[in-house]
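Undergrad: Next comes model-v8.pdb, PDB, C-alpha atoms:
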```pdb
ATOM      1  CA  MET J  79     136.148  12.738 150.885
ATOM      2  CA  SER J  80     137.672  10.332 153.360
ATOM      3  CA  GLU J  81     141.108  10.189 151.724
ATOM      4  CA  CYS J  82     141.469  13.994 151.544
ATOM      5  CA  ILE J  83     143.869  15.388 154.138
ATOM      6  CA  LEU J  84     142.010  18.743 154.258
ATOM      7  CA  CYS J  85     138.750  16.910 155.001
ATOM      8  CA  LYS J  86     140.381  15.054 157.892
ATOM      9  CA  GLU J  87     142.667  17.698 159.427
ATOM     10  CA  ASP J  88     142.787  21.454 159.995
ATOM     11  CA  GLY J  89     145.807  21.647 157.669
ATOM     12  CA  GLY J  90     147.863  23.925 159.913
ATOM     13  CA  GLN J  91     147.675  25.837 163.190
ATOM     14  CA  LEU J  92     144.037  26.883 163.393
ATOM     15  CA  VAL J  93     143.587  30.662 163.559
ATOM     16  CA  TRP J  94     139.849  30.853 162.934
ATOM     17  CA  ARG J  95     137.085  28.491 161.857
ATOM     18  CA  GLY J  96     133.665  29.448 160.520
ATOM     19  CA  ASP J  97     130.823  27.411 159.044
ATOM     20  CA  ASP J  98     132.203  27.665 155.521
ATOM     21  CA  ALA J  99     135.939  28.096 155.797
ATOM     22  CA  ARG J 100     138.927  28.330 158.114
ATOM     23  CA  VAL J 101     142.248  30.133 158.294
ATOM     24  CA  VAL J 102     145.418  28.336 159.374
ATOM     25  CA  LEU J 103     149.045  29.282 159.900
ATOM     26  CA  ILE J 104     151.655  27.075 158.198
ATOM     27  CA  ASP J 105     154.756  26.184 160.191
ATOM     28  CA  ASP J 106     157.313  26.643 157.415
ATOM     29  CA  PRO J 107     160.758  27.643 158.753
ATOM     30  CA  ASP J 108     161.562  29.361 155.442
ATOM     31  CA  LEU J 109     158.355  31.385 155.315
ATOM     32  CA  PRO J 110     157.141  32.671 158.690
ATOM     33  CA  GLY J 111     153.651  34.142 158.419
ATOM     34  CA  TYR J 112     152.559  31.792 155.609
ATOM     35  CA  CYS J 113     148.755  31.348 155.893
ATOM     36  CA  ARG J 114     146.153  29.233 154.136
ATOM     37  CA  VAL J 115     142.444  29.916 153.799
ATOM     38  CA  ILE J 116     140.665  26.586 153.381
ATOM     39  CA  TRP J 117     137.101  25.900 152.284
ATOM     40  CA  ASN J 118     135.579  23.426 154.749
ATOM     41  CA  ARG J 119     133.483  21.400 152.308
ATOM     42  CA  HIS J 120     135.342  19.225 149.825
ATOM     43  CA  SER J 121     135.353  21.069 146.480
ATOM     44  CA  ALA J 122     138.146  21.187 143.931
ATOM     45  CA  GLU J 123     137.610  24.456 142.103
ATOM     46  CA  MET J 124     136.427  27.996 142.832
ATOM     47  CA  SER J 125     133.962  27.510 139.971
ATOM     48  CA  ASP J 126     132.393  24.635 141.931
ATOM     49  CA  LEU J 127     131.246  27.189 144.534
ATOM     50  CA  SER J 128     128.273  29.504 144.217
ATOM     51  CA  ARG J 129     128.904  33.193 143.651
ATOM     52  CA  VAL J 130     128.073  33.946 147.288
ATOM     53  CA  GLU J 131     130.426  31.212 148.483
ATOM     54  CA  ARG J 132     133.241  32.588 146.315
ATOM     55  CA  GLU J 133     132.648  36.039 147.793
ATOM     56  CA  ILE J 134     132.773  34.673 151.350
ATOM     57  CA  LEU J 135     136.028  32.862 150.630
ATOM     58  CA  MET J 136     137.700  35.807 148.882
ATOM     59  CA  ALA J 137     136.687  38.135 151.730
ATOM     60  CA  LEU J 138     138.645  35.841 154.057
ATOM     61  CA  VAL J 139     141.610  35.836 151.660
ATOM     62  CA  ASP J 140     141.448  39.652 151.590
ATOM     63  CA  VAL J 141     141.377  39.890 155.389
ATOM     64  CA  THR J 142     144.350  37.531 155.617
ATOM     65  CA  GLU J 143     146.304  39.587 153.079
ATOM     66  CA  PHE J 144     145.510  42.832 154.937
ATOM     67  CA  ALA J 145     146.580  41.321 158.260
ATOM     68  CA  ILE J 146     149.849  39.968 156.843
ATOM     69  CA  ARG J 147     150.704  43.329 155.310
ATOM     70  CA  ARG J 148     149.919  45.218 158.497
ATOM     71  CA  VAL J 149     151.693  42.840 160.874
ATOM     72  CA  MET J 150     154.667  41.653 158.812
ATOM     73  CA  ARG J 151     155.248  44.471 156.284
ATOM     74  CA  PRO J 152     156.436  42.144 153.506
ATOM     75  CA  GLN J 153     157.825  43.425 150.218
ATOM     76  CA  LYS J 154     155.146  41.450 148.345
ATOM     77  CA  ILE J 155     152.097  39.281 148.915
ATOM     78  CA  ASN J 156     151.652  36.053 146.957
ATOM     79  CA  ILE J 157     148.187  34.524 146.626
ATOM     80  CA  ALA J 158     147.501  31.208 144.937
ATOM     81  CA  SER J 159     144.959  28.417 144.641
ATOM     82  CA  LEU J 160     146.626  25.450 142.941
ATOM     83  CA  GLY J 161     145.459  22.156 144.471
ATOM     84  CA  ASN J 162     147.201  19.862 142.003
ATOM     85  CA  GLN J 163     148.227  17.542 144.828
ATOM     86  CA  VAL J 164     145.348  18.228 147.237
ATOM     87  CA  PRO J 165     142.306  19.121 145.111
ATOM     88  CA  HIS J 166     140.359  20.670 147.998
ATOM     89  CA  ILE J 167     140.077  24.453 147.671
ATOM     90  CA  HIS J 168     142.754  26.218 149.704
ATOM     91  CA  TRP J 169     144.304  29.626 149.145
ATOM     92  CA  HIS J 170     147.952  30.216 149.939
ATOM     93  CA  VAL J 171     148.513  33.746 151.272
ATOM     94  CA  ILE J 172     152.241  34.300 151.689
ATOM     95  CA  PRO J 173     154.334  37.246 152.845
ATOM     96  CA  ARG J 174     157.357  37.541 150.556
ATOM     97  CA  PHE J 175     160.602  39.292 151.351
ATOM     98  CA  THR J 176     163.450  40.014 148.942
ATOM     99  CA  ASP J 177     165.770  38.006 151.230
ATOM    100  CA  ASP J 178     163.482  34.976 151.591
ATOM    101  CA  PRO J 179     164.771  31.637 150.245
ATOM    102  CA  PHE J 180     162.805  31.752 146.985
ATOM    103  CA  PHE J 181     162.496  35.435 146.052
ATOM    104  CA  PRO J 182     161.859  36.553 143.317
ATOM    105  CA  GLY J 183     160.720  33.053 142.331
ATOM    106  CA  SER J 184     157.510  31.454 143.536
ATOM    107  CA  ILE J 185     157.729  29.503 146.790
ATOM    108  CA  TRP J 186     157.436  26.367 144.609
ATOM    109  CA  SER J 187     160.499  27.353 142.583
ATOM    110  CA  ALA J 188     164.081  26.307 143.314
ATOM    111  CA  LYS J 189     165.526  27.595 146.586
ATOM    112  CA  GLN J 190     168.016  30.375 145.949
ATOM    113  CA  ARG J 191     169.415  31.045 149.432
ATOM    114  CA  ASP J 192     169.041  30.226 153.116
ATOM    115  CA  LEU J 193     167.292  32.459 155.608
ATOM    116  CA  SER J 194     169.691  33.629 158.345
ATOM    117  CA  ASP J 195     168.789  32.526 161.879
ATOM    118  CA  LEU J 196     168.554  36.165 162.929
ATOM    119  CA  VAL J 197     166.091  37.077 160.196
ATOM    120  CA  ARG J 198     164.081  33.889 160.772
ATOM    121  CA  LYS J 199     163.739  34.698 164.463
ATOM    122  CA  ALA J 200     162.746  38.310 163.812
ATOM    123  CA  ARG J 201     160.166  37.228 161.250
ATOM    124  CA  ARG J 202     158.765  34.504 163.490
ATOM    125  CA  ASP J 203     158.450  37.076 166.272
ATOM    126  CA  SER J 204     156.535  39.459 164.052
ATOM    127  CA  ALA J 205     154.285  36.607 162.844
ATOM    128  CA  LYS J 206     153.135  36.127 166.443
ATOM    129  CA  GLY J 207     150.747  39.038 166.006
ATOM    130  CA  LEU J 208     149.151  37.532 162.927
ATOM    131  CA  ALA J 209     146.471  35.266 164.418
ATOM    132  CA  ASP J 210     144.942  38.111 166.445
ATOM    133  CA  ALA J 211     145.089  40.471 163.464
ATOM    134  CA  ILE J 212     143.288  37.944 161.244
ATOM    135  CA  ARG J 213     140.593  37.217 163.848
ATOM    136  CA  SER J 214     140.077  40.919 164.407
ATOM    137  CA  GLY J 215     139.776  41.506 160.635
ATOM    138  CA  ILE J 216     137.227  38.706 160.317
ATOM    139  CA  ALA J 217     135.238  40.098 163.248
ATOM    140  CA  ASP J 218     135.074  43.426 161.384
ATOM    141  CA  LEU J 219     133.525  41.682 158.349
ATOM    142  CA  ALA J 220     130.372  40.875 160.277
TER     143      ALA J 220
ATOM    144  CA  MET Y  87     154.940  53.446 136.038
ATOM    145  CA  SER Y  88     157.055  53.974 132.947
ATOM    146  CA  GLU Y  89     159.429  51.068 133.612
ATOM    147  CA  CYS Y  90     156.605  48.543 134.199
ATOM    148  CA  ILE Y  91     156.099  46.172 131.279
ATOM    149  CA  LEU Y  92     152.374  45.739 132.108
ATOM    150  CA  CYS Y  93     151.909  49.526 132.005
ATOM    151  CA  LYS Y  94     153.514  49.679 128.563
ATOM    152  CA  GLU Y  95     152.231  46.528 126.858
ATOM    153  CA  ASP Y  96     149.133  44.326 126.793
ATOM    154  CA  GLY Y  97     151.189  41.466 128.254
ATOM    155  CA  GLY Y  98     149.862  38.801 125.889
ATOM    156  CA  GLN Y  99     147.366  38.307 123.083
ATOM    157  CA  LEU Y 100     144.523  40.656 123.973
ATOM    158  CA  VAL Y 101     141.203  38.846 124.446
ATOM    159  CA  TRP Y 102     139.225  41.657 126.059
ATOM    160  CA  ARG Y 103     139.927  45.097 127.481
ATOM    161  CA  GLY Y 104     137.683  47.119 129.763
ATOM    162  CA  ASP Y 105     138.170  50.381 131.640
ATOM    163  CA  ASP Y 106     139.628  48.639 134.685
ATOM    164  CA  ALA Y 107     141.215  45.417 133.509
ATOM    165  CA  ARG Y 108     142.010  43.210 130.555
ATOM    166  CA  VAL Y 109     142.294  39.521 129.760
ATOM    167  CA  VAL Y 110     145.149  38.154 127.654
ATOM    168  CA  LEU Y 111     146.192  34.756 126.320
ATOM    169  CA  ILE Y 112     149.789  33.715 126.963
ATOM    170  CA  ASP Y 113     151.636  32.007 124.129
ATOM    171  CA  ASP Y 114     153.356  29.306 126.187
ATOM    172  CA  PRO Y 115     154.047  26.145 124.134
ATOM    173  CA  ASP Y 116     153.957  24.050 127.322
ATOM    174  CA  LEU Y 117     150.638  25.428 128.567
ATOM    175  CA  PRO Y 118     148.080  26.133 125.823
ATOM    176  CA  GLY Y 119     145.108  28.046 127.220
ATOM    177  CA  TYR Y 120     147.157  29.902 129.855
ATOM    178  CA  CYS Y 121     145.407  33.248 130.525
ATOM    179  CA  ARG Y 122     146.187  36.325 132.592
ATOM    180  CA  VAL Y 123     143.750  38.868 133.966
ATOM    181  CA  ILE Y 124     145.599  42.157 134.377
ATOM    182  CA  TRP Y 125     144.526  45.284 136.259
ATOM    183  CA  ASN Y 126     145.051  48.277 133.960
ATOM    184  CA  ARG Y 127     146.211  50.797 136.576
ATOM    185  CA  HIS Y 128     149.585  50.213 138.166
ATOM    186  CA  SER Y 129     148.983  48.674 141.613
ATOM    187  CA  ALA Y 130     151.058  46.011 143.320
ATOM    188  CA  GLU Y 131     148.626  44.292 145.669
ATOM    189  CA  MET Y 132     144.947  43.287 145.762
ATOM    190  CA  SER Y 133     144.776  45.171 149.074
ATOM    191  CA  ASP Y 134     145.738  48.375 147.207
ATOM    192  CA  LEU Y 135     142.395  48.167 145.377
ATOM    193  CA  SER Y 136     139.004  49.183 146.770
ATOM    194  CA  ARG Y 137     136.535  46.458 147.639
ATOM    195  CA  VAL Y 138     134.529  47.204 144.491
ATOM    196  CA  GLU Y 139     137.664  47.056 142.356
ATOM    197  CA  ARG Y 140     138.638  43.699 143.888
ATOM    198  CA  GLU Y 141     135.162  42.371 143.102
ATOM    199  CA  ILE Y 142     135.389  43.560 139.487
ATOM    200  CA  LEU Y 143     138.776  41.886 139.085
ATOM    201  CA  MET Y 144     137.762  38.594 140.720
ATOM    202  CA  ALA Y 145     134.592  38.451 138.577
ATOM    203  CA  LEU Y 146     136.886  38.527 135.527
ATOM    204  CA  VAL Y 147     139.091  35.819 137.042
ATOM    205  CA  ASP Y 148     135.953  33.729 137.674
ATOM    206  CA  VAL Y 149     134.736  34.173 134.097
ATOM    207  CA  THR Y 150     138.155  33.180 132.780
ATOM    208  CA  GLU Y 151     138.199  30.069 134.972
ATOM    209  CA  PHE Y 152     134.691  29.076 133.856
ATOM    210  CA  ALA Y 153     135.613  29.549 130.188
ATOM    211  CA  ILE Y 154     138.818  27.520 130.502
ATOM    212  CA  ARG Y 155     136.960  24.658 132.182
ATOM    213  CA  ARG Y 156     134.187  24.636 129.619
ATOM    214  CA  VAL Y 157     136.430  24.909 126.560
ATOM    215  CA  MET Y 158     139.501  22.920 127.588
ATOM    216  CA  ARG Y 159     138.228  20.477 130.213
ATOM    217  CA  PRO Y 160     141.459  20.494 132.263
ATOM    218  CA  GLN Y 161     142.034  18.192 135.220
ATOM    219  CA  LYS Y 162     142.678  21.232 137.434
ATOM    220  CA  ILE Y 163     142.642  25.019 137.389
ATOM    221  CA  ASN Y 164     145.522  26.966 138.942
ATOM    222  CA  ILE Y 165     144.982  30.593 139.947
ATOM    223  CA  ALA Y 166     147.727  32.834 141.295
ATOM    224  CA  SER Y 167     148.688  36.448 141.859
ATOM    225  CA  LEU Y 168     152.413  36.597 142.632
ATOM    226  CA  GLY Y 169     154.039  39.647 141.012
ATOM    227  CA  ASN Y 170     157.463  39.244 142.603
ATOM    228  CA  GLN Y 171     159.138  40.137 139.327
ATOM    229  CA  VAL Y 172     156.418  42.381 137.870
ATOM    230  CA  PRO Y 173     154.618  44.024 140.816
ATOM    231  CA  HIS Y 174     151.594  45.104 138.787
ATOM    232  CA  ILE Y 175     148.490  43.086 139.695
ATOM    233  CA  HIS Y 176     147.967  40.195 137.286
ATOM    234  CA  TRP Y 177     146.202  36.903 137.889
ATOM    235  CA  HIS Y 178     147.451  33.735 136.264
ATOM    236  CA  VAL Y 179     144.568  31.424 135.329
ATOM    237  CA  ILE Y 180     145.993  28.176 134.030
ATOM    238  CA  PRO Y 181     144.445  24.929 132.763
ATOM    239  CA  ARG Y 182     146.414  22.023 134.212
ATOM    240  CA  PHE Y 183     146.547  18.488 132.842
ATOM    241  CA  THR Y 184     148.118  15.462 134.480
ATOM    242  CA  ASP Y 185     150.369  15.060 131.415
ATOM    243  CA  ASP Y 186     151.480  18.713 131.259
ATOM    244  CA  PRO Y 187     155.211  19.422 131.746
ATOM    245  CA  PHE Y 188     154.927  20.481 135.389
ATOM    246  CA  PHE Y 189     152.041  18.485 136.871
ATOM    247  CA  PRO Y 190     151.507  17.977 139.800
ATOM    248  CA  GLY Y 191     153.967  20.780 140.568
ATOM    249  CA  SER Y 192     153.232  24.453 140.039
ATOM    250  CA  ILE Y 193     154.063  25.862 136.607
ATOM    251  CA  TRP Y 194     156.993  27.624 138.333
ATOM    252  CA  SER Y 195     158.365  24.299 139.608
ATOM    253  CA  ALA Y 196     160.933  22.140 137.823
ATOM    254  CA  LYS Y 197     159.821  20.678 134.492
ATOM    255  CA  GLN Y 198     159.065  16.981 134.817
ATOM    256  CA  ARG Y 199     158.384  15.941 131.225
ATOM    257  CA  ASP Y 200     157.860  17.223 127.699
ATOM    258  CA  LEU Y 201     154.488  17.658 126.084
ATOM    259  CA  SER Y 202     154.122  15.449 123.001
ATOM    260  CA  ASP Y 203     153.598  17.298 119.720
ATOM    261  CA  LEU Y 204     150.281  15.515 119.269
ATOM    262  CA  VAL Y 205     148.937  16.598 122.652
ATOM    263  CA  ARG Y 206     150.275  20.132 122.199
ATOM    264  CA  LYS Y 207     148.480  20.441 118.864
ATOM    265  CA  ALA Y 208     145.207  19.066 120.233
ATOM    266  CA  ARG Y 209     145.379  21.408 123.207
ATOM    267  CA  ARG Y 210     146.227  24.431 121.071
ATOM    268  CA  ASP Y 211     143.276  23.568 118.852
ATOM    269  CA  SER Y 212     140.897  23.415 121.795
ATOM    270  CA  ALA Y 213     142.324  26.715 123.147
ATOM    271  CA  LYS Y 214     141.158  28.421 119.952
ATOM    272  CA  GLY Y 215     137.639  28.595 121.376
ATOM    273  CA  LEU Y 216     138.815  30.324 124.531
ATOM    274  CA  ALA Y 217     138.825  33.988 123.510
ATOM    275  CA  ASP Y 218     135.186  33.855 122.353
ATOM    276  CA  ALA Y 219     134.138  31.970 125.493
ATOM    277  CA  ILE Y 220     135.795  34.575 127.741
ATOM    278  CA  ARG Y 221     134.280  37.509 125.858
ATOM    279  CA  SER Y 222     130.877  35.861 125.963
ATOM    280  CA  GLY Y 223     131.209  35.250 129.729
ATOM    281  CA  ILE Y 224     132.184  38.880 130.315
ATOM    282  CA  ALA Y 225     129.233  40.085 128.224
ATOM    283  CA  ASP Y 226     126.955  38.027 130.490
ATOM    284  CA  LEU Y 227     128.313  39.863 133.573
ATOM    285  CA  ALA Y 228     126.802  43.149 132.408
TER     286      ALA Y 228
END
```
Take the structure in the file and give it back as structure tokens.

TA:
Amino acid sequence: MSECILCKEDGGQLVWRGDDARVVLIDDPDLPGYCRVIWNRHSAEMSDLSRVEREILMALVDVTEFAIRRVMRPQKINIASLGNQVPHIHWHVIPRFTDDPFFPGSIWSAKQRDLSDLVRKARRDSAKGLADAIRSGIADLA
Amino acid sequence: MSECILCKEDGGQLVWRGDDARVVLIDDPDLPGYCRVIWNRHSAEMSDLSRVEREILMALVDVTEFAIRRVMRPQKINIASLGNQVPHIHWHVIPRFTDDPFFPGSIWSAKQRDLSDLVRKARRDSAKGLADAIRSGIADLA
């Protein structure tokens, strides 16, 4: 759909793009390592996809989660497909740390604290390994 | 784990329970039809499950989504696995309406409006068909 931002743009720093879906890194200063897995075709709901398409998409979400855990060692992973504002299927895959600005709330909840510059830098440094880890995980799917 | 609430309790009104997982209805006055799909064994992350286990769990999430759409006709479905406060795998599957208290925010975002009593009653009435629709969808998986 021409007015949909995820139909027009990658929606983040492109890590990998396949025929069906892509993985991007989100440049959020509060949440280094935040990824999204985006279905390429405009569809609003998982239940609009075929069973095979859902499996393809969730395999990419799984790979992204595995890579984030291995590279960033977060205390928790958050996964969500909301799309209330952009109804084009995209999965948020987010490393969560007990000292991040929103923990233990969702990243859409009220901010509870600031991230220190030191921690932000360390976390951004560790996130540098993420794109390669995701691509390598996707290569192993084939 | 003995201190985990989802190890001790169903975690909602039980709709269906299998060997691996269960589906419950959440009694949230703001969000009639709100369901959770909960893994029975204590595990924190999807990536702690085997591939087969992840497929079993996501098939139940899919069935729940399909049932909610068919029965409640929401404007959007929200799906999320967060677990920052209760790190025992549970998927939120939530019917969203443009007039619900949080739309277009997440249900963990600030409340934007109240649900009218009339709409709440109508939505609770339509949610009454949900348990049967979910059980019927799960029976069709076999």

Undergrad: Enumerate, as JSON, numbers by chain, the protein, DNA and RNA residues whose atoms approach (141.5, 36.1, 128.8) to within 7 Å, taking into account only C-alpha atoms and the coordinate frame of the file.

TA: {"Y": [101, 102, 109, 110, 111, 121, 122, 123, 150, 217, 220]}

Undergrad: Please evaluate the PyMOL selection byres ((chain Y) within 8 of (chain J)) against the displayed coordinates and give the resulting residues as a PyMOL selection string.

TA: chain Y and resi 130-133+148+151-152+162-171+173+189-192+194-196

Undergrad: Hey, which of J:Ser128, J:Ala211, J:Leu109, J:Leu92 ends up closest to Pro179 in chain J? Count only C-alpha atoms.

TA: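 Of J:Ser128, J:Ala211, J:Leu109, J:Leu92, the one nearest Pro179 in chain J, counting only C-alpha atoms, is J:Leu109.
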
Undergrad: Convert the output of the PyMOL selection byres ((chain Y and resi 104-107) around 6) on the shown file into explicit residues, formatted as a ChimeraX atom specification.

TA: /Y:103,108,124-126

Undergrad: Go through J:Ser121, J:Ala145, J:Pro107, J:Ser214 one by one, measure the shortest atom-to-atom distance of each to Ser194 in chain J using only C-alpha atoms, and give the residue with the smallest value.

TA: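 Comparing J:Ser121, J:Ala145, J:Pro107, J:Ser214 against Ser194 in chain J, the winner is J:Pro107.
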
Undergrad: Using all atoms listed in the file, which protein or nucleic acid residues come within 9 Å of Arg209 in chain Y? Drop anything in the same chain fewer than 6 positions from it, and give the result as a PyMOL selection string.

TA: chain Y and resi 117-119+158
